[in-house]
Amino acid sequence: MITIVGSGKVGGDAALFSALRRLDDEILLLDIAEGLPQGEAMDTSHALAELGIDVSVRGSNDYADMAGSRIVVIVAGAGRKPGMTRMDLLKINSKVVGGVAAEAKRHAPDAILVPVTNPLDPMVHVAHKESGLERGRIVGMGGMLDLSRFREFIHGATGHSRDSIRALVIGEHGENMLPLVRHSSVSGIPLADILPKEKIDEIVESTKKVAAKVISLKGATVHAPGNAIAAILESIVRDRRQLVPVSTPLEGEYGHSGIALGVPAIVGRRGVERIVELDLDAGERAVMDAAAASVRSAIGSI
């Protein structure tokens, strides 16, 4: 069973995308708001019925119902409103995520935790601390979402198929994210050989700012986060051992410890199986260090 804690728009979409990918026979939507997870589960089930997909989606307000879950996704918390940064959410959501992680430890001690709540990297740290799990079982979602946006801008600039684009985004899920241009390509051709530097710089900046733009236009980001969650879950459930950008606790990787940060990692059925350390150039290292400093400051203020 996969449990998704938080049955708002992102949680609901995560359940739908996971069911469409047939990642488990049973998906539980869990929320403290009475009626919300039940209604979301019914709505999702009606769509699955028309598609002929035999995945059971149900809703609950009882943490005990997550017993036996192999994955617990943490989406619960306050959403980011127009004009807010992810760090504005820190004090509110650290209590929420800490509480959910403790409940997961109690009722689903063997589960892998996938924190999604913003600000993502500090919340991954909180989930790790409150659950007491080994760090490989803490797989934060952020970089996968940033990657989807980066790929879309590359697609728009080059006109090439989205499927032909390979890219990577690490660092903080926020203002100090690091789209890795040197490790990005289209049909195997390095991005720098296809686009001029000025256009690439524009794409990088757009990737960093587009979430705020979507929020200003429609109030929240929903479909892309829901799909990014399902993509990470698929690598875990199917033991694909893919290189995935995830936020996970660091123990010396990239020169940092005691924080969680977005890094490239091999993700399979045990969660984060190995963090891949890339040889960053001076500019990339500076962004990564700034990201670490930002997250460390946030953690220190909790």
# chains A, B, ... in the order shown; residues from 1 in each chain; ligands from 1
$ closest_atom_pairs --of "range 111-157 of chain A" --to "range 295-301 of chain A" --cutoff "9 Å" --atoms "only C-alpha atoms" --output "tab-separated table"
residue	atom	partner	partner_atom	distance
A:Asp121	CA	A:Val295	CA	6.6
A:Pro122	CA	A:Ile299	CA	5.8
A:Met123	CA	A:Ile299	CA	8.7
A:His125	CA	A:Ile299	CA	7.7
A:Val126	CA	A:Ile299	CA	8.3
$ write_last_selection --atoms "N, CA, C and O atoms" --output "tab-separated table (two decimals), in the first residue's frame"
chain	number	residue	atom	x	y	z
A	121	ASP	N	13.57	21.09	1.39
A	121	ASP	CA	14.81	20.56	1.97
A	121	ASP	C	14.80	20.60	3.51
A	121	ASP	O	15.16	19.60	4.14
A	122	PRO	N	14.39	21.70	4.15
A	122	PRO	CA	14.26	21.67	5.61
A	122	PRO	C	13.25	20.64	6.10
A	122	PRO	O	13.42	20.03	7.15
A	123	MET	N	12.16	20.43	5.32
A	123	MET	CA	11.16	19.44	5.74
A	123	MET	C	11.70	18.01	5.63
A	123	MET	O	11.32	17.14	6.41
A	125	HIS	N	14.78	17.29	6.28
A	125	HIS	CA	15.57	17.20	7.52
A	125	HIS	C	14.67	16.90	8.71
A	125	HIS	O	15.00	16.04	9.55
A	126	VAL	N	13.54	17.58	8.79
A	126	VAL	CA	12.59	17.36	9.89
A	126	VAL	C	12.06	15.93	9.88
A	126	VAL	O	12.00	15.26	10.92
$ atom_distance --atom1 "CA of Gly174 in chain A" --atom2 "CA of Asp289 in chain A"
13.8 Å
$ residues_around --residues "Val139 in chain A" --least-positions-apart "6" --cutoff "12 Å" --atoms "only C-alpha atoms" --output "PyMOL selection string"
chain A and resi 71-74+111-116+120-121+123-125+127-128+133+229+232-233+235-236+244-250+260-275
$ atom_distance --atom1 "CA of Glu205 in chain A" --atom2 "CA of Ser94 in chain A"
28.3 Å
$ select_by_dssp --residues "range 53-156 of chain A" --states "strand (DSSP E or B)" --output "PyMOL selection string"
chain A and resi 56-60+71-74+112-115+138+140
$ residues_around --residues "Leu20 in chain A" --least-positions-apart "4" --cutoff "8 Å" --atoms "only C-alpha atoms" --output "list in words"
Leu16, Leu48 and Ile53 of chain A
$ select_by_dssp --residues "range 122-217 of chain A" --states "alpha helix (DSSP H)" --output "ChimeraX atom specification"
/A:122-131,142-158,197-217
$ closest_residue --among "A:Ala41, A:Leu168, A:Ala101, A:Val237" --to "Leu278 in chain A" --atoms "only C-alpha atoms"
A:Leu168
$ residues_around --residues "Ser148 in chain A" --least-positions-apart "4" --cutoff "8 Å" --atoms "only C-alpha atoms" --output "MDAnalysis selection string"
chainID A and resid 144 152 224 228
$ write_last_selection --atoms "N, CA and C atoms" --output "PDB file, in the first residue's frame"
ATOM      1  N   MET A 144      12.948  16.620  -8.769  1.00  0.00           N
ATOM      2  CA  MET A 144      12.235  15.998  -9.881  1.00  0.00           C
ATOM      3  C   MET A 144      11.248  16.976 -10.499  1.00  0.00           C
ATOM      4  N   GLU A 152      10.983  21.358 -19.895  1.00  0.00           N
ATOM      5  CA  GLU A 152       9.972  22.028 -20.705  1.00  0.00           C
ATOM      6  C   GLU A 152      10.525  23.287 -21.365  1.00  0.00           C
ATOM      7  N   ALA A 224       2.074  19.213 -12.166  1.00  0.00           N
ATOM      8  CA  ALA A 224       3.501  18.864 -12.263  1.00  0.00           C
ATOM      9  C   ALA A 224       4.027  18.250 -10.965  1.00  0.00           C
ATOM     10  N   ALA A 228       5.456  14.462 -10.585  1.00  0.00           N
ATOM     11  CA  ALA A 228       6.828  14.271 -10.107  1.00  0.00           C
ATOM     12  C   ALA A 228       6.861  13.277  -8.949  1.00  0.00           C
TER      13      ALA A 228
END
$ closest_residue --among "A:Lys218, A:His183, A:Arg240, A:Arg285" --to "His256 in chain A" --atoms "only C-alpha atoms"
A:Arg285
$ residues_around --residues "Ser7 in chain A" --least-positions-apart "6" --cutoff "7 Å" --atoms "only C-alpha atoms" --output "list of chain:residue names"
A:Leu29, A:Leu30, A:Asp31, A:Leu36, A:Pro37
$ closest_residue --among "A:Gly83, A:Gly171, A:Gly59, A:Pro196" --to "Asp146 in chain A" --atoms "only C-alpha atoms"
A:Gly171
$ atom_distance --atom1 "CA of Ile203 in chain A" --atom2 "CA of Asn227 in chain A"
21.6 Å
$ closest_residue --among "A:Ser185, A:Ser257, A:Arg241, A:Phe153" --to "Val210 in chain A" --atoms "only C-alpha atoms"
A:Phe153
